[in-house]
Structure formats: C-alpha cells, structure tokens
$ cat query.txt   # compact mmCIF, C-alpha atoms and all ligand atoms
# COMPACT_ATOMS: atom_id res chain seq x y z
CA MET A 2 0.39 -20.95 22.50
CA SER A 3 -1.63 -18.68 24.80
CA ASP A 4 -4.76 -19.69 26.69
CA ALA A 5 -6.80 -17.45 24.41
CA ALA A 6 -5.63 -19.42 21.39
CA ALA A 7 -6.27 -22.76 23.08
CA SER A 8 -9.92 -21.94 23.67
CA VAL A 9 -10.78 -21.05 20.06
CA PRO A 10 -11.08 -23.33 17.03
CA ALA A 11 -7.79 -24.34 15.46
CA LEU A 12 -7.03 -22.74 12.12
CA VAL A 13 -5.04 -24.50 9.44
CA ILE A 14 -1.81 -22.56 9.27
CA ASN A 15 1.27 -23.06 7.08
CA PRO A 16 4.28 -21.05 8.23
CA LEU A 17 5.96 -19.26 5.33
CA SER A 18 9.37 -18.84 6.97
CA GLU A 19 11.08 -19.81 10.20
CA LEU A 20 10.93 -16.28 11.54
CA MET A 21 7.43 -15.05 10.68
CA ALA A 22 4.53 -15.08 8.22
CA ALA A 23 2.00 -17.84 7.67
CA GLU A 24 -0.72 -18.85 5.26
CA VAL A 25 -4.16 -19.26 6.76
CA VAL A 26 -5.91 -21.96 4.79
CA GLY A 27 -9.56 -22.55 4.10
CA LEU A 28 -11.25 -19.22 4.85
CA ASP A 29 -13.46 -17.34 2.42
CA LEU A 30 -13.02 -13.74 3.57
CA ARG A 31 -16.25 -12.66 1.85
CA GLN A 32 -18.09 -14.41 4.69
CA PRO A 33 -18.20 -12.89 8.16
CA LEU A 34 -15.94 -14.79 10.57
CA ASP A 35 -17.65 -16.31 13.58
CA LEU A 36 -16.21 -14.89 16.78
CA GLY A 37 -14.10 -17.94 17.56
CA THR A 38 -12.54 -17.89 14.11
CA ARG A 39 -11.97 -14.16 14.29
CA ASP A 40 -10.14 -14.56 17.60
CA ALA A 41 -8.07 -17.43 16.18
CA VAL A 42 -7.10 -15.28 13.18
CA TYR A 43 -6.13 -12.45 15.50
CA GLN A 44 -4.04 -14.81 17.64
CA ALA A 45 -2.31 -16.11 14.50
CA PHE A 46 -1.70 -12.50 13.47
CA LEU A 47 0.02 -11.89 16.82
CA ASP A 48 1.99 -15.12 16.56
CA TYR A 49 3.13 -14.77 12.92
CA GLN A 50 2.92 -10.96 12.30
CA VAL A 51 2.10 -11.49 8.60
CA LEU A 52 -0.90 -13.58 7.50
CA ALA A 53 -1.59 -14.56 3.92
CA PHE A 54 -5.07 -15.64 2.84
CA ARG A 55 -4.83 -17.11 -0.66
CA ASP A 56 -7.27 -17.11 -3.58
CA GLN A 57 -9.57 -14.39 -2.30
CA ASP A 58 -11.78 -12.24 -4.50
CA LEU A 59 -13.03 -9.31 -2.45
CA THR A 60 -14.94 -6.29 -3.63
CA LYS A 61 -14.06 -3.06 -1.86
CA GLU A 62 -17.15 -3.46 0.36
CA GLU A 63 -16.10 -6.96 1.27
CA GLN A 64 -12.56 -5.85 2.07
CA VAL A 65 -13.92 -3.11 4.32
CA ALA A 66 -16.25 -5.60 6.03
CA PHE A 67 -13.38 -8.07 6.57
CA THR A 68 -11.14 -5.30 7.96
CA GLU A 69 -13.79 -3.92 10.31
CA GLN A 70 -14.02 -7.23 12.12
CA PHE A 71 -10.64 -6.39 13.70
CA GLY A 72 -11.10 -2.74 14.62
CA THR A 73 -11.51 0.78 13.30
CA LEU A 74 -10.64 1.67 9.73
CA GLU A 75 -8.13 4.47 9.34
CA LYS A 76 -8.37 7.18 6.73
CA HIS A 77 -5.43 7.76 4.45
CA ALA A 78 -3.21 10.78 3.89
CA GLN A 79 -4.41 13.62 1.68
CA ARG A 80 -3.18 12.25 -1.62
CA ASN A 81 -4.40 8.72 -0.96
CA GLN A 82 -8.08 9.08 -0.28
CA GLY A 83 -9.16 6.12 -2.35
CA THR A 84 -12.05 6.84 -4.66
CA ALA A 85 -15.12 8.94 -3.91
CA ASP A 86 -17.28 5.84 -3.47
CA HIS A 87 -14.76 4.13 -1.14
CA PRO A 88 -12.53 6.71 0.54
CA LEU A 89 -11.21 4.12 3.00
CA VAL A 90 -9.92 1.73 0.35
CA HIS A 91 -6.62 2.99 -0.90
CA ILE A 92 -5.53 1.92 -4.37
CA VAL A 93 -1.87 0.88 -4.47
CA THR A 94 -1.01 1.09 -8.15
CA ASN A 95 1.68 1.96 -10.66
CA LEU A 96 -0.96 2.98 -13.25
CA ASP A 97 -1.94 6.53 -14.14
CA ALA A 98 -5.56 7.69 -14.41
CA ASP A 99 -5.75 6.22 -17.92
CA GLY A 100 -4.55 2.82 -16.73
CA VAL A 101 -1.08 3.19 -18.26
CA PRO A 102 1.95 1.94 -16.28
CA THR A 103 3.95 4.92 -15.03
CA GLY A 104 7.18 3.18 -14.11
CA LYS A 105 6.73 4.43 -10.55
CA VAL A 106 6.29 2.25 -7.49
CA GLY A 107 5.42 3.81 -4.14
CA SER A 108 6.49 2.80 -0.63
CA MET A 109 9.94 1.62 -1.62
CA ARG A 110 11.69 2.69 1.58
CA TRP A 111 11.52 0.85 4.87
CA HIS A 112 8.61 2.15 6.93
CA THR A 113 5.71 1.21 9.13
CA ASP A 114 2.35 2.61 8.10
CA LYS A 115 1.19 5.84 9.71
CA SER A 116 3.86 5.80 12.40
CA PHE A 117 3.55 9.60 12.49
CA ARG A 118 0.01 9.34 13.87
CA PRO A 119 -0.75 9.61 17.60
CA LYS A 120 -2.30 6.15 17.26
CA PRO A 121 -0.08 4.47 14.69
CA SER A 122 -1.58 1.81 12.49
CA MET A 123 -2.27 -1.59 13.98
CA ALA A 124 -2.55 -3.52 10.73
CA THR A 125 -2.53 -3.05 6.99
CA ILE A 126 -4.53 -5.34 4.74
CA LEU A 127 -3.47 -5.53 1.11
CA HIS A 128 -5.38 -7.48 -1.54
CA ALA A 129 -3.55 -8.29 -4.77
CA LEU A 130 -5.75 -7.77 -7.86
CA ILE A 131 -3.24 -7.43 -10.69
CA LEU A 132 0.40 -8.47 -10.47
CA PRO A 133 3.38 -8.37 -12.79
CA PRO A 134 4.44 -11.77 -14.21
CA GLU A 135 7.26 -11.84 -11.64
CA GLY A 136 8.50 -9.64 -8.82
CA GLY A 137 6.77 -6.71 -7.20
CA ASP A 138 7.37 -8.35 -3.84
CA THR A 139 6.77 -6.79 -0.44
CA VAL A 140 9.56 -7.27 2.08
CA PHE A 141 9.11 -7.29 5.86
CA ALA A 142 11.63 -6.83 8.68
CA ASN A 143 10.83 -8.26 12.10
CA MET A 144 11.43 -5.53 14.63
CA TYR A 145 10.92 -7.81 17.63
CA ALA A 146 13.78 -9.98 16.42
CA ALA A 147 15.90 -6.95 15.54
CA TYR A 148 15.38 -5.45 19.00
CA GLU A 149 16.00 -8.73 20.78
CA ALA A 150 19.29 -9.21 18.89
CA LEU A 151 20.73 -5.93 20.21
CA PRO A 152 23.36 -6.13 22.95
CA ALA A 153 21.91 -5.74 26.46
CA THR A 154 23.75 -2.44 26.96
CA GLU A 155 22.17 -0.97 23.84
CA LYS A 156 18.70 -2.11 24.89
CA GLU A 157 19.24 -0.31 28.21
CA GLU A 158 20.41 2.80 26.37
CA LEU A 159 17.29 2.82 24.20
CA ASP A 160 14.97 2.40 27.15
CA GLY A 161 12.78 5.49 27.53
CA VAL A 162 14.18 7.18 24.37
CA GLY A 163 11.55 9.00 22.34
CA VAL A 164 11.63 8.94 18.55
CA VAL A 165 9.93 11.75 16.65
CA HIS A 166 8.04 10.63 13.55
CA SER A 167 7.34 13.36 11.01
CA TRP A 168 5.23 13.12 7.87
CA GLU A 169 6.68 16.44 6.73
CA LEU A 170 10.25 15.22 6.92
CA SER A 171 9.36 11.87 5.44
CA ARG A 172 7.80 13.51 2.36
CA ASP A 173 10.67 16.00 2.19
CA ASN A 174 13.05 13.06 1.89
CA ILE A 175 11.27 11.89 -1.27
CA GLY A 176 11.17 15.39 -2.73
CA ARG A 177 7.61 16.37 -1.86
CA THR A 178 6.59 19.43 0.14
CA ILE A 179 3.39 18.76 2.03
CA SER A 180 0.48 21.18 2.13
CA GLU A 181 -0.52 23.29 5.13
CA TRP A 182 -3.56 21.04 5.45
CA GLU A 183 -1.32 17.98 5.74
CA LYS A 184 0.91 19.73 8.29
CA ARG A 185 -2.09 20.41 10.48
CA ASP A 186 -3.44 16.94 9.89
CA ALA A 187 -0.18 15.17 10.75
CA PRO A 188 2.04 17.13 13.14
CA PRO A 189 5.26 15.43 14.36
CA MET A 190 4.61 12.76 16.96
CA THR A 191 6.85 11.13 19.56
CA HIS A 192 6.76 7.40 20.31
CA PRO A 193 9.04 5.11 22.31
CA LEU A 194 11.88 3.90 20.07
CA ALA A 195 11.76 0.53 21.82
CA ARG A 196 8.01 0.29 21.83
CA PRO A 197 6.15 -2.40 23.76
CA HIS A 198 3.64 -4.09 21.51
CA PRO A 199 0.18 -3.21 22.86
CA ASP A 200 -1.04 -6.81 22.75
CA THR A 201 2.03 -8.95 23.37
CA GLY A 202 4.10 -6.58 25.54
CA ARG A 203 7.22 -7.60 23.56
CA LYS A 204 9.37 -4.63 22.63
CA ALA A 205 9.97 -3.79 18.98
CA LEU A 206 12.05 -1.03 17.39
CA PHE A 207 9.65 1.58 16.07
CA MET A 208 11.21 3.65 13.30
CA GLY A 209 11.53 3.55 9.50
CA MET A 210 11.31 6.34 6.96
CA HIS A 211 8.87 8.52 8.90
CA ALA A 212 11.27 8.56 11.90
CA SER A 213 13.00 11.93 12.03
CA HIS A 214 15.22 12.22 15.11
CA LEU A 215 15.54 11.24 18.76
CA GLU A 216 14.33 13.43 21.58
CA GLY A 217 17.02 14.97 23.76
CA MET A 218 19.77 14.28 21.22
CA PRO A 219 21.23 16.58 18.55
CA MET A 220 19.33 16.15 15.28
CA GLU A 221 22.25 14.69 13.33
CA ASP A 222 23.21 12.20 16.04
CA GLY A 223 19.62 11.02 16.36
CA ARG A 224 19.27 10.55 12.62
CA ALA A 225 22.54 8.65 12.45
CA ARG A 226 21.35 6.38 15.27
CA ILE A 227 18.04 5.72 13.53
CA LEU A 228 19.80 4.84 10.28
CA LYS A 229 22.22 2.55 12.11
CA LEU A 230 19.34 0.75 13.77
CA GLU A 231 17.60 0.43 10.41
CA ALA A 232 20.72 -1.12 8.86
CA HIS A 233 20.87 -3.56 11.76
CA SER A 234 17.17 -4.41 11.56
CA THR A 235 17.05 -5.05 7.83
CA GLN A 236 19.78 -7.69 7.74
CA PRO A 237 18.70 -10.87 5.91
CA GLN A 238 18.08 -12.89 9.08
CA PHE A 239 15.28 -10.53 10.10
CA LEU A 240 13.45 -10.50 6.75
CA TYR A 241 10.52 -12.21 5.07
CA ARG A 242 9.90 -11.56 1.38
CA HIS A 243 6.34 -12.04 0.21
CA HIS A 244 6.03 -13.38 -3.34
CA TRP A 245 2.52 -12.31 -4.23
CA LYS A 246 -0.07 -14.46 -5.96
CA THR A 247 -3.17 -12.90 -7.49
CA GLY A 248 -5.98 -13.06 -4.95
CA ASP A 249 -3.71 -12.88 -1.91
CA VAL A 250 -4.95 -10.91 1.06
CA LEU A 251 -2.02 -10.04 3.28
CA MET A 252 -2.60 -8.73 6.79
CA TRP A 253 0.46 -7.49 8.68
CA ASP A 254 1.20 -6.02 12.08
CA ASN A 255 2.60 -2.50 11.78
CA ARG A 256 3.55 -2.46 15.46
CA CYS A 257 6.42 -4.92 15.12
CA LEU A 258 7.45 -4.83 11.44
CA LEU A 259 8.97 -2.53 8.87
CA HIS A 260 8.06 -3.16 5.25
CA HIS A 261 8.69 -1.85 1.75
CA ALA A 262 7.71 -2.54 -1.83
CA ASP A 263 10.41 -4.05 -4.03
CA ALA A 264 10.27 -2.65 -7.56
CA ASN A 265 11.86 -5.85 -8.91
CA PHE A 266 9.71 -5.76 -12.05
CA ASP A 267 9.36 -3.45 -15.03
CA ALA A 268 6.90 -0.92 -13.61
CA ALA A 269 6.82 0.99 -16.90
CA VAL A 270 5.37 -2.08 -18.61
CA HIS A 271 3.49 -4.30 -16.16
CA PRO A 272 0.53 -3.23 -14.02
CA ARG A 273 0.56 -3.92 -10.28
CA VAL A 274 -2.68 -3.07 -8.47
CA LEU A 275 -3.64 -3.83 -4.88
CA HIS A 276 -6.42 -2.63 -2.60
CA ARG A 277 -5.42 -1.46 0.84
CA THR A 278 -7.24 -0.95 4.12
CA CYS A 279 -5.69 0.09 7.42
CA LEU A 280 -6.71 -0.42 11.01
CA ARG A 281 -6.04 2.19 13.66
CA GLY A 282 -3.80 1.21 16.56
CA THR A 283 -3.38 2.63 20.02
CA ALA A 284 -1.20 5.30 21.63
CA THR A 285 1.73 4.20 23.78
CA ASN A 286 2.69 5.84 27.04
CA PHE A 287 6.30 6.06 28.11
C1 LIG B 301 1.49 -0.22 1.81
C2 LIG B 301 2.81 -0.59 1.28
C3 LIG B 301 3.97 -2.05 -0.21
C4 LIG B 301 3.78 -2.67 -1.53
O1 LIG B 301 0.49 -0.47 1.13
O2 LIG B 301 1.45 0.31 2.92
O3 LIG B 301 3.80 -0.20 1.84
O4 LIG B 301 4.49 -3.67 -1.79
N1 LIG B 301 2.82 -1.38 0.21
O5 LIG B 301 2.99 -2.18 -2.33
MN MN B 302 3.30 0.79 3.73

$ encode --input "query.txt" --output "structure tokens"
Amino acid sequence: MSDAAASVPALVINPLSELMAAEVVGLDLRQPLDLGTRDAVYQAFLDYQVLAFRDQDLTKEEQVAFTEQFGTLEKHAQRNQGTADHPLVHIVTNLDADGVPTGKVGSMRWHTDKSFRPKPSMATILHALILPPEGGDTVFANMYAAYEALPATEKEELDGVGVVHSWELSRDNIGRTISEWEKRDAPPMTHPLARPHPDTGRKALFMGMHASHLEGMPMEDGRARILKLEAHSTQPQFLYRHHWKTGDVLMWDNRCLLHHADANFDAAVHPRVLHRTCLRGTATNF
C-alpha cells in the first residue's frame, strides 16, 4: 500500500474478485466524506479499479454531491443530457418515456466512457435504482492486466502508437449517424494505445468501441489490431462481472478498464434503471 494510503483512516474493504473490484463497507454516501475518508476511498479506487458501495439511497443532488468530491462532473453526449432539472445525471434505462420496457439495453459493446474526448473520463458512478429479478450485469475487463500479459515484443511495438477514438465511427457501427452538432462537439481524438494511468503510471490498453484505427497504419490493419487486442483483453481471466443489488453505487476507473452492459435479462419485460454521473479525466501526452 502506498504512503498516501497509510496516512489516512483505514476503510473496511471486501475484495470482490482476485483481480479487481471491492466493496467499501460502512459509508453513507449522502453524507460528505471527511478529507481523510475521501482520500482513502480514492486510494481504494486506484487499488481495486471498481468500488461498490452497497445499500445507498441517493437523490440526484446527493449523487452529484458525492461525485463532485472527486473532481469535475462531465456533461453527456447530445442524446443523453439527463433531465432538464439535472442535466449532469444521465438516466441509464430500458424504459420509454411512458415507463414501458423497450427491450433495448444500451452500452452492450466493450468500451470505456468518453474515450473520444480530449480528456477522457476518469470515473463513472452508477447507482442502481430498479433492477430486473436476475441479470442485467455490468462486466469489466482489466486493461492493466491485459497489457501486462502481452509478450514483451508486442509491448515494445505498441509503445508510442496513437489510437484514434471517434464518436462518429462508434455511432456509425451501431447504425446511428451523428448530427453536425455532435461532430463539432466530439471530433476524433488520438490517445496513446498503451496509455500510462495518470495517477498510478501503470500502462493500460486504451481502446474499446470508440477506438477507430491506429495512427500511421492503414485503416484496415489498425482496426484488425484493435479488435485482436480487444479479444485478448476480454478473456475470462481479465474480467469481473458485477451482479447488481438495488442501492448499489458502483464507481469505476475508465482509465484502466473496459466495460459493457450484459443484456442477460428480458429487457422487454423487466425495468432496469440506474443513475449515472461521470468525472472528467486528464489529457495524456505522448
Ligand atoms: C455506462 C455503461 C453499463 C450498464 O453507464 O457507462 O456502460 O451496465 N453502463 O448499464
Ligand atoms: Mn459506459
């Protein structure tokens, strides 16, 4: 454990798998965290990448207040602006405007949130309000572990390679043409493919469904390489599957994980509703 962690109060933490993810026990997230506790939570976030706070009951205001203790809230893309009263709280739902299950679940492909931004997301915080009786899991892939498992020659090859992330291409791949406004708002952005984590310095593969191609390589070759790395990174030994409980607040690190929703429930019958806030990250220089 780092010196920073040693100097702050110990949290009660139950690891949820050998690789990553932990429950943080005993905090009521409606209350502001004292600075020592906040730092301990942040250290646990760096150590475990996914934190689960159980049995929470946050209003949107309270979720925003909890999130803001760790940084700057990020707005969402054009179609996901939350509600007029809380534009920074995105509603993750399979319900239509009348509250009827649509059968559709979003975010089903491997991705890391807002990787197409100049300052890709640091963390996403998701609070489970309504869950199906079973399933509707979120699955995470540990991109530190995936990077570290690559052969040394491949790590060298990836060193200094830029990966272009494109919201336009990413939406194109799911059959949606983005508006001119969205194109201006989210132009393609290059990041290091083996990206040092801004806080830990450990390298993690930085790709997923918004990743388009590799700089300095023919389009098709770059795409093939990205897909090969994704297949490598999403092997079972790199995964943690979160089985949600109502009231869970999950906080994950977008800088070293890919994630996706698993539609392993009948989304045409059962509601699944979560509230989402995002924290802005930092740019990375090559
Ligand atoms: C997200 C996301 C996955 C899920 O909110 O960014 O990818 O399981 N959610 O709903
Ligand atoms: Mn996501």

$ closest_atom_pairs --input "query.txt" --of "chain A" --to "ligand LIG 301 (chain B)" --cutoff "7 Å" --atoms "all atoms listed in the file" --output "Markdown table"
| residue | atom | partner | partner_atom | distance |
| --- | --- | --- | --- | --- |
| A:Val93 | CA | B:LIG301 | O5 | 6.1 |
| A:Gly107 | CA | B:LIG301 | O5 | 6.7 |
| A:Ser108 | CA | B:LIG301 | O3 | 4.7 |
| A:Asp114 | CA | B:LIG301 | O2 | 5.7 |
| A:Thr125 | CA | B:LIG301 | O2 | 6.6 |
| A:Leu127 | CA | B:LIG301 | O1 | 6.4 |
| A:Gly137 | CA | B:LIG301 | O4 | 6.6 |
| A:Asp138 | CA | B:LIG301 | O4 | 5.9 |
| A:Thr139 | CA | B:LIG301 | O4 | 4.1 |
| A:His260 | CA | B:LIG301 | O3 | 6.2 |
| A:His261 | CA | B:LIG301 | C3 | 5.1 |
| A:Ala262 | CA | B:LIG301 | O4 | 3.4 |
| A:Asp263 | CA | B:LIG301 | O4 | 6.3 |
| A:Arg277 | CA | B:LIG301 | O1 | 6.0 |

$ closest_residue --input "query.txt" --among "A:Arg110, A:Cys279, A:Glu183, A:Tyr145" --to "Met252 of chain A" --atoms "all atoms listed in the file"
A:Cys279

$ atom_distance --input "query.txt" --atom1 "atom CA of Val162 of chain A" --atom2 "atom CA of Gln238 of chain A"
25.5 Å

$ residues_around --input "query.txt" --residues "Leu215 of chain A" --least-positions-apart "3" --cutoff "7 Å" --atoms "only C-alpha atoms" --output "list in words"
Gly163, Val164, Val165, Met218 and Gly223 of chain A

$ closest_atom_pairs --input "query.txt" --of "segment 39-116 of chain A" --to "segment 190-210 of chain A" --cutoff "10 Å" --atoms "all atoms listed in the file" --output "JSON lines"
{"residue": "A:Gln44", "atom": "CA", "partner": "A:Asp200", "partner_atom": "CA", "distance": 10.0}
{"residue": "A:Leu47", "atom": "CA", "partner": "A:Thr201", "partner_atom": "CA", "distance": 7.5}
{"residue": "A:Asp48", "atom": "CA", "partner": "A:Thr201", "partner_atom": "CA", "distance": 9.2}
{"residue": "A:Ser108", "atom": "CA", "partner": "A:Met210", "partner_atom": "CA", "distance": 9.7}
{"residue": "A:Met109", "atom": "CA", "partner": "A:Met210", "partner_atom": "CA", "distance": 9.9}
{"residue": "A:Arg110", "atom": "CA", "partner": "A:Met210", "partner_atom": "CA", "distance": 6.5}
{"residue": "A:Trp111", "atom": "CA", "partner": "A:Gly209", "partner_atom": "CA", "distance": 5.4}
{"residue": "A:His112", "atom": "CA", "partner": "A:Gly209", "partner_atom": "CA", "distance": 4.1}
{"residue": "A:Thr113", "atom": "CA", "partner": "A:Gly209", "partner_atom": "CA", "distance": 6.3}
{"residue": "A:Asp114", "atom": "CA", "partner": "A:Gly209", "partner_atom": "CA", "distance": 9.3}
{"residue": "A:Ser116", "atom": "CA", "partner": "A:Met208", "partner_atom": "CA", "distance": 7.7}

$ closest_residue --input "query.txt" --among "A:Asn15, A:Leu258, A:Arg39, A:Ala150" --to "ligand MN 302 (chain B)" --atoms "all atoms listed in the file"
A:Leu258

$ residues_near_point --input "query.txt" --point "(0.1, -11.5, 13.0)" --cutoff "9 Å" --atoms "all atoms listed in the file" --output "ChimeraX atom specification"
/A:21-23,42-52,124,252-254

$ residues_around --input "query.txt" --residues "Lys184 of chain A" --least-positions-apart "6" --cutoff "12 Å" --atoms "only C-alpha atoms" --output "list of chain:residue names"
A:Ala78, A:Gln79, A:Phe117, A:Arg118, A:Ser167, A:Trp168, A:Glu169, A:Leu170, A:Ser171, A:Arg172, A:Thr178, A:Met190

$ residues_around --input "query.txt" --residues "Thr94 of chain A" --least-positions-apart "4" --cutoff "7 Å" --atoms "only C-alpha atoms" --output "number ranges by chain"
A: 273-275

$ atom_distance --input "query.txt" --atom1 "atom CA of Phe71 of chain A" --atom2 "atom CA of His276 of chain A"
17.3 Å

$ atom_distance --input "query.txt" --atom1 "atom CA of Arg242 of chain A" --atom2 "atom CA of Val106 of chain A"
16.8 Å

$ residues_near_point --input "query.txt" --point "(-0.8, 6.3, 20.4)" --cutoff "6 Å" --atoms "only C-alpha atoms" --output "PyMOL selection string"
chain A and resi 119-120+283-285

$ closest_residue --input "query.txt" --among "A:Phe54, A:Leu259, A:Glu62, A:Gly282" --to "ligand MN 302 (chain B)" --atoms "only C-alpha atoms and all ligand atoms"
A:Leu259
